[in-house]
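Step one of this worksheet: look at the structure below.
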There are 2 protein chains.
Amino acid sequence: MAKKKPVAADQMLRLDNQICFAVYSAAHAFTRFYKPLLDRLGLTYPQYLVMLTLWERDGVPLKDIGERLFLDSGTLTPLLKRLEAAQLIKRTRSTEDERQVLIALTPQGLALKERARAVPSSLLSASACSVAELSAMKNEIVALRDRLNEVVGE
Amino acid sequence: MAKKKPVAADQMLRLDNQICFAVYSAAHAFTRFYKPLLDRLGLTYPQYLVMLTLWERDGVPLKDIGERLFLDSGTLTPLLKRLEAAQLIKRTRSTEDERQVLIALTPQGLALKERARAVPSSLLSASACSVAELSAMKNEIVALRDRLNEVVGE
DNA sequence: CACAATTAGATTGTGTACAATATAGAAAGC
DNA sequence: GCTTTCTATATTGTACACAATCTAATTGTG
């Protein structure tokens, strides 16, 4: 019995069996779903995430936003410059620590929060899930994410 | 009682309550986790996904790969050119339909499959989940993804 | 058969992601 | 105080993603 194909092993490599692809393709589905909603707000999806953090807490250094969103300065620096060009935020060097750039909302940036409430509620209805179902799913995904990030960080 | 802040509505906008962010950040966690494994194979994560489809079925037009992965020619054309430059695939115009570019594995591309088996098994052990747990999660995520894609496609 | 409409890929432009590097400021150790 | 080290951000280069547009090939219709 030479040259027998490892059928069980092949199952492991099937695209539809990969949870990573489920997550990857779901992430794209989210951004495609959000696109028309965010276009009205003049935001891209990653910009929307940054705004979410600022609507919770304002005047924070770039680094804090990066830790919250798992993004580094190479991503955030140009993104924040675009948000500043759109008059939604202001970037100022901290006087206590000149290395830090503090990100603050402009009045327009704060005002955008009210119009942004349409986004999560649209998703809720499109999902055809209950808040509890989505929340349970979210917790599972976050737990897996945190476990992977732990492994990556040794 | 004028100017009362809508506390419940604010909960909807909290970053940690967004399933989209859970998915988005989990997708990044996956690519970071896979990075050292895929570096050994000389692949990026999206390239790995393309190879997964080709290991299942070879000699398919670009369009089929795109439908499988939810990616368009703007993404796949340069990605496939890089895979061809790496000698893992060959791109040839179909003779029956000259609009189509057929993607076929090279012997090296096929051989890479054996070394790729380490990737899903590494994830499985890092996840600290059972195959059944991961599979159940995957199915939930795929169901949500498909529902969102339905809504986007009217 | 002619010709409009459709389809498959490629190209261009904008916007993430992230590794690697650079720089300037702050903190630590002596 | 001085120097080494660390930290926060910026910059550069590579690789996705995707909208919009373009071209060439095929299909559909009269």
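Labels for the structure tokens follow display order: chains A, B, ..., residues from 1 in each chain, ligands from 1.
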
Please, which residues of chain D lie no more than 9 Å from chain A when the count uses only C-alpha atoms (C1' of nucleotides), and can they be set out as a PDB file with C-alpha atoms (C1' of nucleotides), in the first residue's frame?
ATOM      1  C1'  DT D   7       9.985  55.257  24.143  1.00  0.00           C
ATOM      2  C1'  DA D   8       6.691  57.778  20.848  1.00  0.00           C
ATOM      3  C1'  DT D   9       6.105  58.989  16.499  1.00  0.00           C
ATOM      4  C1'  DA D  10       7.330  59.442  11.590  1.00  0.00           C
ATOM      5  C1'  DT D  11       9.004  57.536   7.227  1.00  0.00           C
ATOM      6  C1'  DA D  17      -8.259  45.586  -0.744  1.00  0.00           C
TER       7       DA D  17
END

List as a tab-separated table (two decimals) with N, CA and C atoms, in the first residue's frame the protein and nucleic acid residues near B:Glu150, meaning an atom at most 12 Å away when only C-alpha atoms (C1' of nucleotides) are counted, but skip any in the same chain fewer than 5 places from it.
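Full text of out-v5.tsv as output:
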chain	number	residue	atom	x	y	z
A	29	ALA	N	-16.68	41.18	4.75
A	29	ALA	CA	-18.13	41.34	4.61
A	29	ALA	C	-18.61	42.52	5.46
A	30	PHE	N	-18.04	42.66	6.65
A	30	PHE	CA	-18.41	43.79	7.50
A	30	PHE	C	-18.08	45.11	6.82
A	32	ARG	N	-17.67	45.78	3.70
A	32	ARG	CA	-18.54	46.00	2.54
A	32	ARG	C	-19.93	46.42	2.98
A	33	PHE	N	-20.42	45.78	4.05
A	33	PHE	CA	-21.74	46.14	4.56
A	33	PHE	C	-21.75	47.57	5.08
A	126	ALA	N	-29.43	43.87	10.14
A	126	ALA	CA	-28.96	43.05	9.00
A	126	ALA	C	-28.52	41.66	9.45
A	127	SER	N	-28.01	41.58	10.65
A	127	SER	CA	-27.46	40.30	11.14
A	127	SER	C	-28.55	39.26	11.36
A	128	ALA	N	-29.76	39.72	11.57
A	128	ALA	CA	-30.87	38.80	11.88
A	128	ALA	C	-30.56	37.99	13.13
B	143	ALA	N	-22.05	31.91	8.82
B	143	ALA	CA	-23.47	32.22	8.66
B	143	ALA	C	-23.69	33.73	8.71
B	144	LEU	N	-23.02	34.40	9.65
B	144	LEU	CA	-23.16	35.85	9.75
B	144	LEU	C	-22.58	36.52	8.51
B	145	ARG	N	-21.42	36.05	8.08
B	145	ARG	CA	-20.78	36.60	6.87
B	145	ARG	C	-21.72	36.49	5.67

- Message: According to DSSP computed on the backbone, where in stretch 21-134 of chain B is there alpha helix (DSSP H)? Give the residues as a PyMOL selection string.
- Response: chain B and resi 21-41+45-56+62-69+73-85+107-116+118-127+131-134

Could you write out that same residue set with C-alpha atoms as a compact mmCIF listing (two decimals), in the first residue's frame?
# COMPACT_ATOMS: atom_id res chain seq x y z
CA PHE B 21 -14.14 45.01 15.77
CA ALA B 22 -13.87 41.58 17.36
CA VAL B 23 -13.78 40.08 13.86
CA TYR B 24 -11.49 42.75 12.44
CA SER B 25 -8.97 42.45 15.27
CA ALA B 26 -9.19 38.64 15.25
CA ALA B 27 -8.35 38.65 11.53
CA HIS B 28 -5.21 40.65 12.28
CA ALA B 29 -4.35 38.33 15.16
CA PHE B 30 -4.56 35.38 12.77
CA THR B 31 -2.21 36.95 10.25
CA ARG B 32 0.26 37.87 12.99
CA PHE B 33 0.10 34.36 14.37
CA TYR B 34 0.59 32.81 10.92
CA LYS B 35 3.39 35.17 9.88
CA PRO B 36 6.39 33.14 11.09
CA LEU B 37 4.84 29.91 9.77
CA LEU B 38 4.06 31.38 6.36
CA ASP B 39 7.44 33.12 6.12
CA ARG B 40 8.99 29.66 6.07
CA LEU B 41 6.79 28.81 3.09
CA TYR B 45 -1.56 35.14 4.26
CA PRO B 46 -3.69 36.04 1.20
CA GLN B 47 -1.27 34.07 -0.95
CA TYR B 48 -1.73 31.12 1.41
CA LEU B 49 -5.49 31.33 0.87
CA VAL B 50 -5.01 31.26 -2.90
CA MET B 51 -2.76 28.23 -2.56
CA LEU B 52 -5.40 26.49 -0.40
CA THR B 53 -7.93 26.90 -3.22
CA LEU B 54 -5.44 25.60 -5.80
CA TRP B 55 -4.51 22.58 -3.69
CA GLU B 56 -8.21 21.70 -3.79
CA LEU B 62 -8.82 33.83 -11.83
CA LYS B 63 -12.50 34.60 -11.49
CA ASP B 64 -13.25 31.30 -9.71
CA ILE B 65 -10.54 31.98 -7.16
CA GLY B 66 -11.96 35.45 -6.70
CA GLU B 67 -15.46 34.12 -6.03
CA ARG B 68 -14.13 31.59 -3.60
CA LEU B 69 -12.14 34.18 -1.63
CA SER B 73 -9.08 41.12 -10.09
CA GLY B 74 -7.59 44.31 -8.68
CA THR B 75 -6.35 42.30 -5.72
CA LEU B 76 -5.68 38.97 -7.39
CA THR B 77 -3.87 40.07 -10.55
CA PRO B 78 -0.79 41.44 -8.75
CA LEU B 79 -0.93 38.71 -6.07
CA LEU B 80 -0.94 35.97 -8.71
CA LYS B 81 1.90 37.67 -10.56
CA ARG B 82 3.94 37.48 -7.36
CA LEU B 83 3.09 33.80 -6.93
CA GLU B 84 4.17 33.24 -10.52
CA ALA B 85 7.42 35.12 -9.91
CA PRO B 107 5.51 21.12 -9.23
CA GLN B 108 6.98 23.38 -6.53
CA GLY B 109 3.55 24.84 -5.85
CA LEU B 110 2.09 21.38 -5.43
CA ALA B 111 5.01 20.24 -3.30
CA LEU B 112 4.49 23.14 -0.93
CA LYS B 113 1.22 21.56 0.18
CA GLU B 114 3.03 19.02 2.33
CA ARG B 115 4.92 21.69 4.23
CA ALA B 116 1.71 23.73 4.61
CA ALA B 118 1.96 22.49 9.73
CA VAL B 119 -0.11 25.69 9.53
CA PRO B 120 -3.60 24.50 10.52
CA SER B 121 -2.21 22.13 13.14
CA SER B 122 -0.20 24.94 14.74
CA LEU B 123 -3.32 27.06 14.91
CA LEU B 124 -5.29 24.23 16.47
CA SER B 125 -2.83 23.85 19.32
CA ALA B 126 -2.43 27.61 19.82
CA SER B 127 -6.19 28.09 19.98
CA VAL B 131 -11.74 20.86 16.63
CA ALA B 132 -15.45 20.74 17.41
CA GLU B 133 -15.40 24.08 19.22
CA LEU B 134 -13.49 25.78 16.42

- Item | Length of the atom CA of A:Leu148 to atom C1' of D:DC16 vector [Å] | 21.7 Å

- Message: My list of candidates is B:Leu43, B:Leu105, B:Leu71, B:Val60. Which is closest to chain A when distances are computed with only C-alpha atoms?
- Response: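 Checking each candidate against chain A, we get B:Leu71 as the closest.
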
- Record the distance separating atom C1' of D:DT29 and atom C1' of C:DA5, expressed in Å with one decimal. 9.8 Å

- Task: Quick one: pull the distance between atom CA of B:Gln18 and atom CA of A:Arg117, Å, one decimal.
- Result: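 Value for the atom CA of B:Gln18-atom CA of A:Arg117 distance: 12.2 Å.
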
For chain C, report every residue with an atom at most 9 Å from chain A (counting only C-alpha atoms (C1' of nucleotides)), formatted as a short mmCIF file (atom, residue, chain, number, x, y, z; two decimals) with N, CA and C atoms (P, O5', C5', C4', C3', O3' and C1' of nucleotides), in the first residue's frame.
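Full text of iface_4.cif as output:
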data_model
loop_
_atom_site.label_atom_id
_atom_site.label_comp_id
_atom_site.auth_asym_id
_atom_site.auth_seq_id
_atom_site.Cartn_x
_atom_site.Cartn_y
_atom_site.Cartn_z
P DG C 15 -7.61 58.61 0.51
"O5'" DG C 15 -7.51 57.26 1.35
"C5'" DG C 15 -8.60 56.36 1.35
"C4'" DG C 15 -8.20 55.09 2.07
"C3'" DG C 15 -7.36 55.31 3.33
"O3'" DG C 15 -7.88 54.50 4.37
"C1'" DG C 15 -6.32 53.75 1.93
P DT C 16 -7.59 54.79 5.91
"O5'" DT C 16 -6.17 54.12 6.12
"C5'" DT C 16 -5.96 53.06 7.03
"C4'" DT C 16 -6.42 51.75 6.43
"C3'" DT C 16 -5.94 50.55 7.22
"O3'" DT C 16 -6.89 49.48 7.05
"C1'" DT C 16 -4.97 50.51 5.09
P DA C 17 -6.90 48.22 8.04
"O5'" DA C 17 -5.46 47.56 7.83
"C5'" DA C 17 -4.52 47.58 8.86
"C4'" DA C 17 -3.43 46.59 8.53
"C3'" DA C 17 -2.35 46.53 9.61
"O3'" DA C 17 -2.12 45.16 9.91
"C1'" DA C 17 -1.37 47.03 7.49
P DC C 18 -1.36 44.83 11.29
"O5'" DC C 18 0.16 44.79 10.85
"C5'" DC C 18 0.57 43.85 9.88
"C4'" DC C 18 1.99 44.18 9.45
"C3'" DC C 18 2.90 44.57 10.64
"O3'" DC C 18 4.13 43.93 10.46
"C1'" DC C 18 3.07 46.14 8.97
P DA C 24 16.30 64.74 14.90
"O5'" DA C 24 15.40 65.35 16.05
"C5'" DA C 24 13.98 65.20 15.97
"C4'" DA C 24 13.43 64.82 17.31
"C3'" DA C 24 14.17 65.49 18.49
"O3'" DA C 24 13.22 66.10 19.32
"C1'" DA C 24 13.93 63.17 18.86
P DG C 25 13.64 67.17 20.44
"O5'" DG C 25 13.00 66.56 21.77
"C5'" DG C 25 11.64 66.16 21.73
"C4'" DG C 25 11.44 65.07 22.75
"C3'" DG C 25 11.90 65.45 24.17
"O3'" DG C 25 10.81 65.27 25.05
"C1'" DG C 25 12.76 63.33 23.52
P DA C 26 10.96 65.67 26.58
"O5'" DA C 26 11.18 64.25 27.26
"C5'" DA C 26 10.18 63.26 27.09
"C4'" DA C 26 10.56 62.01 27.85
"C3'" DA C 26 10.93 62.23 29.30
"O3'" DA C 26 10.29 61.23 30.06
"C1'" DA C 26 12.67 61.10 28.17
#

- Task: List the neighbours of D:DT23 out to 12 Å using only C-alpha atoms (C1' of nucleotides); skip same-chain residues closer than 2 positions along the sequence, and give me the result as a list in words.
- Result: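 After dropping sequence-adjacent residues, the list is Arg99 of chain B; DT7, DA8, DG9, DA10 and DT11 of chain C; DT21 and DA25 of chain D.
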
Pull N, CA and C atoms (P, O5', C5', C4', C3', O3' and C1' of nucleotides) from the residues just selected and write them as a PDB file, in the first residue's frame.
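Contents of result_23.pdb, as written:
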ATOM      1  N   ARG B  99     -10.532  35.441 -22.802  1.00  0.00           N
ATOM      2  CA  ARG B  99     -10.626  36.434 -21.724  1.00  0.00           C
ATOM      3  C   ARG B  99     -10.097  35.864 -20.421  1.00  0.00           C
TER       4      ARG B  99
ATOM      5  P    DT C   7     -22.829  39.462 -17.416  1.00  0.00           P
ATOM      6  O5'  DT C   7     -21.328  39.060 -17.757  1.00  0.00           O
ATOM      7  C5'  DT C   7     -21.080  38.062 -18.731  1.00  0.00           C
ATOM      8  C4'  DT C   7     -19.586  37.910 -18.917  1.00  0.00           C
ATOM      9  C3'  DT C   7     -18.802  37.943 -17.604  1.00  0.00           C
ATOM     10  O3'  DT C   7     -18.024  36.754 -17.516  1.00  0.00           O
ATOM     11  C1'  DT C   7     -17.836  39.406 -19.193  1.00  0.00           C
ATOM     12  P    DA C   8     -17.085  36.472 -16.249  1.00  0.00           P
ATOM     13  O5'  DA C   8     -15.657  36.834 -16.843  1.00  0.00           O
ATOM     14  C5'  DA C   8     -15.086  36.019 -17.845  1.00  0.00           C
ATOM     15  C4'  DA C   8     -13.607  36.336 -17.988  1.00  0.00           C
ATOM     16  C3'  DA C   8     -12.844  36.379 -16.666  1.00  0.00           C
ATOM     17  O3'  DA C   8     -11.558  35.759 -16.853  1.00  0.00           O
ATOM     18  C1'  DA C   8     -12.760  38.521 -17.699  1.00  0.00           C
ATOM     19  P    DG C   9     -10.630  35.415 -15.555  1.00  0.00           P
ATOM     20  O5'  DG C   9      -9.403  36.389 -15.824  1.00  0.00           O
ATOM     21  C5'  DG C   9      -9.665  37.700 -16.138  1.00  0.00           C
ATOM     22  C4'  DG C   9      -8.493  38.382 -16.789  1.00  0.00           C
ATOM     23  C3'  DG C   9      -7.418  38.815 -15.789  1.00  0.00           C
ATOM     24  O3'  DG C   9      -6.156  38.950 -16.457  1.00  0.00           O
ATOM     25  C1'  DG C   9      -8.695  40.695 -16.526  1.00  0.00           C
ATOM     26  P    DA C  10      -4.868  39.436 -15.645  1.00  0.00           P
ATOM     27  O5'  DA C  10      -4.863  40.996 -15.983  1.00  0.00           O
ATOM     28  C5'  DA C  10      -4.642  41.404 -17.324  1.00  0.00           C
ATOM     29  C4'  DA C  10      -4.521  42.917 -17.393  1.00  0.00           C
ATOM     30  C3'  DA C  10      -3.505  43.532 -16.422  1.00  0.00           C
ATOM     31  O3'  DA C  10      -2.745  44.493 -17.134  1.00  0.00           O
ATOM     32  C1'  DA C  10      -5.631  44.530 -16.118  1.00  0.00           C
ATOM     33  P    DT C  11      -1.551  45.265 -16.415  1.00  0.00           P
ATOM     34  O5'  DT C  11      -2.216  46.682 -16.054  1.00  0.00           O
ATOM     35  C5'  DT C  11      -2.947  47.382 -17.050  1.00  0.00           C
ATOM     36  C4'  DT C  11      -3.464  48.698 -16.505  1.00  0.00           C
ATOM     37  C3'  DT C  11      -2.519  49.412 -15.531  1.00  0.00           C
ATOM     38  O3'  DT C  11      -2.449  50.768 -15.918  1.00  0.00           O
ATOM     39  C1'  DT C  11      -4.664  49.182 -14.563  1.00  0.00           C
TER      40       DT C  11
ATOM     41  P    DT D  21     -15.516  56.031 -13.205  1.00  0.00           P
ATOM     42  O5'  DT D  21     -14.486  55.476 -14.297  1.00  0.00           O
ATOM     43  C5'  DT D  21     -13.113  55.853 -14.184  1.00  0.00           C
ATOM     44  C4'  DT D  21     -12.257  54.971 -15.038  1.00  0.00           C
ATOM     45  C3'  DT D  21     -12.775  54.780 -16.472  1.00  0.00           C
ATOM     46  O3'  DT D  21     -11.793  55.255 -17.375  1.00  0.00           O
ATOM     47  C1'  DT D  21     -12.025  52.739 -15.531  1.00  0.00           C
ATOM     48  P    DA D  25      -8.808  40.061 -28.318  1.00  0.00           P
ATOM     49  O5'  DA D  25      -9.937  39.087 -27.770  1.00  0.00           O
ATOM     50  C5'  DA D  25      -9.713  38.390 -26.550  1.00  0.00           C
ATOM     51  C4'  DA D  25     -11.024  37.856 -26.055  1.00  0.00           C
ATOM     52  C3'  DA D  25     -11.818  37.089 -27.119  1.00  0.00           C
ATOM     53  O3'  DA D  25     -12.234  35.860 -26.556  1.00  0.00           O
ATOM     54  C1'  DA D  25     -13.160  38.773 -26.132  1.00  0.00           C
TER      55       DA D  25
END

- A:Ser94, A:Asn139, A:Ser130, A:Thr106 ranked by distance to chain B, top pick (using only C-alpha atoms): A:Asn139

- Test item, strand (DSSP E) assignment across chain A, answer as an MDAnalysis selection string: chainID A and resid 60:61 89:93 101:105

- Between A:Thr95, A:Gly153, A:Gln87, A:Lys138, which has the minimum distance to chain B (counting only C-alpha atoms)? A:Lys138

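For the residues A:Arg14, A:Phe70, A:Ser135, A:Arg91, ranking by smallest atom-to-atom distance to A:Asn149 using only C-alpha atoms places A:Phe70 first.
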
- Message: Using only C-alpha atoms for the distances, tell me which of A:Cys129, A:Arg93, A:Ile19, A:Asp10 is nearest to chain B.
- Response: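 Of A:Cys129, A:Arg93, A:Ile19, A:Asp10, the one nearest chain B, counting only C-alpha atoms, is A:Ile19.
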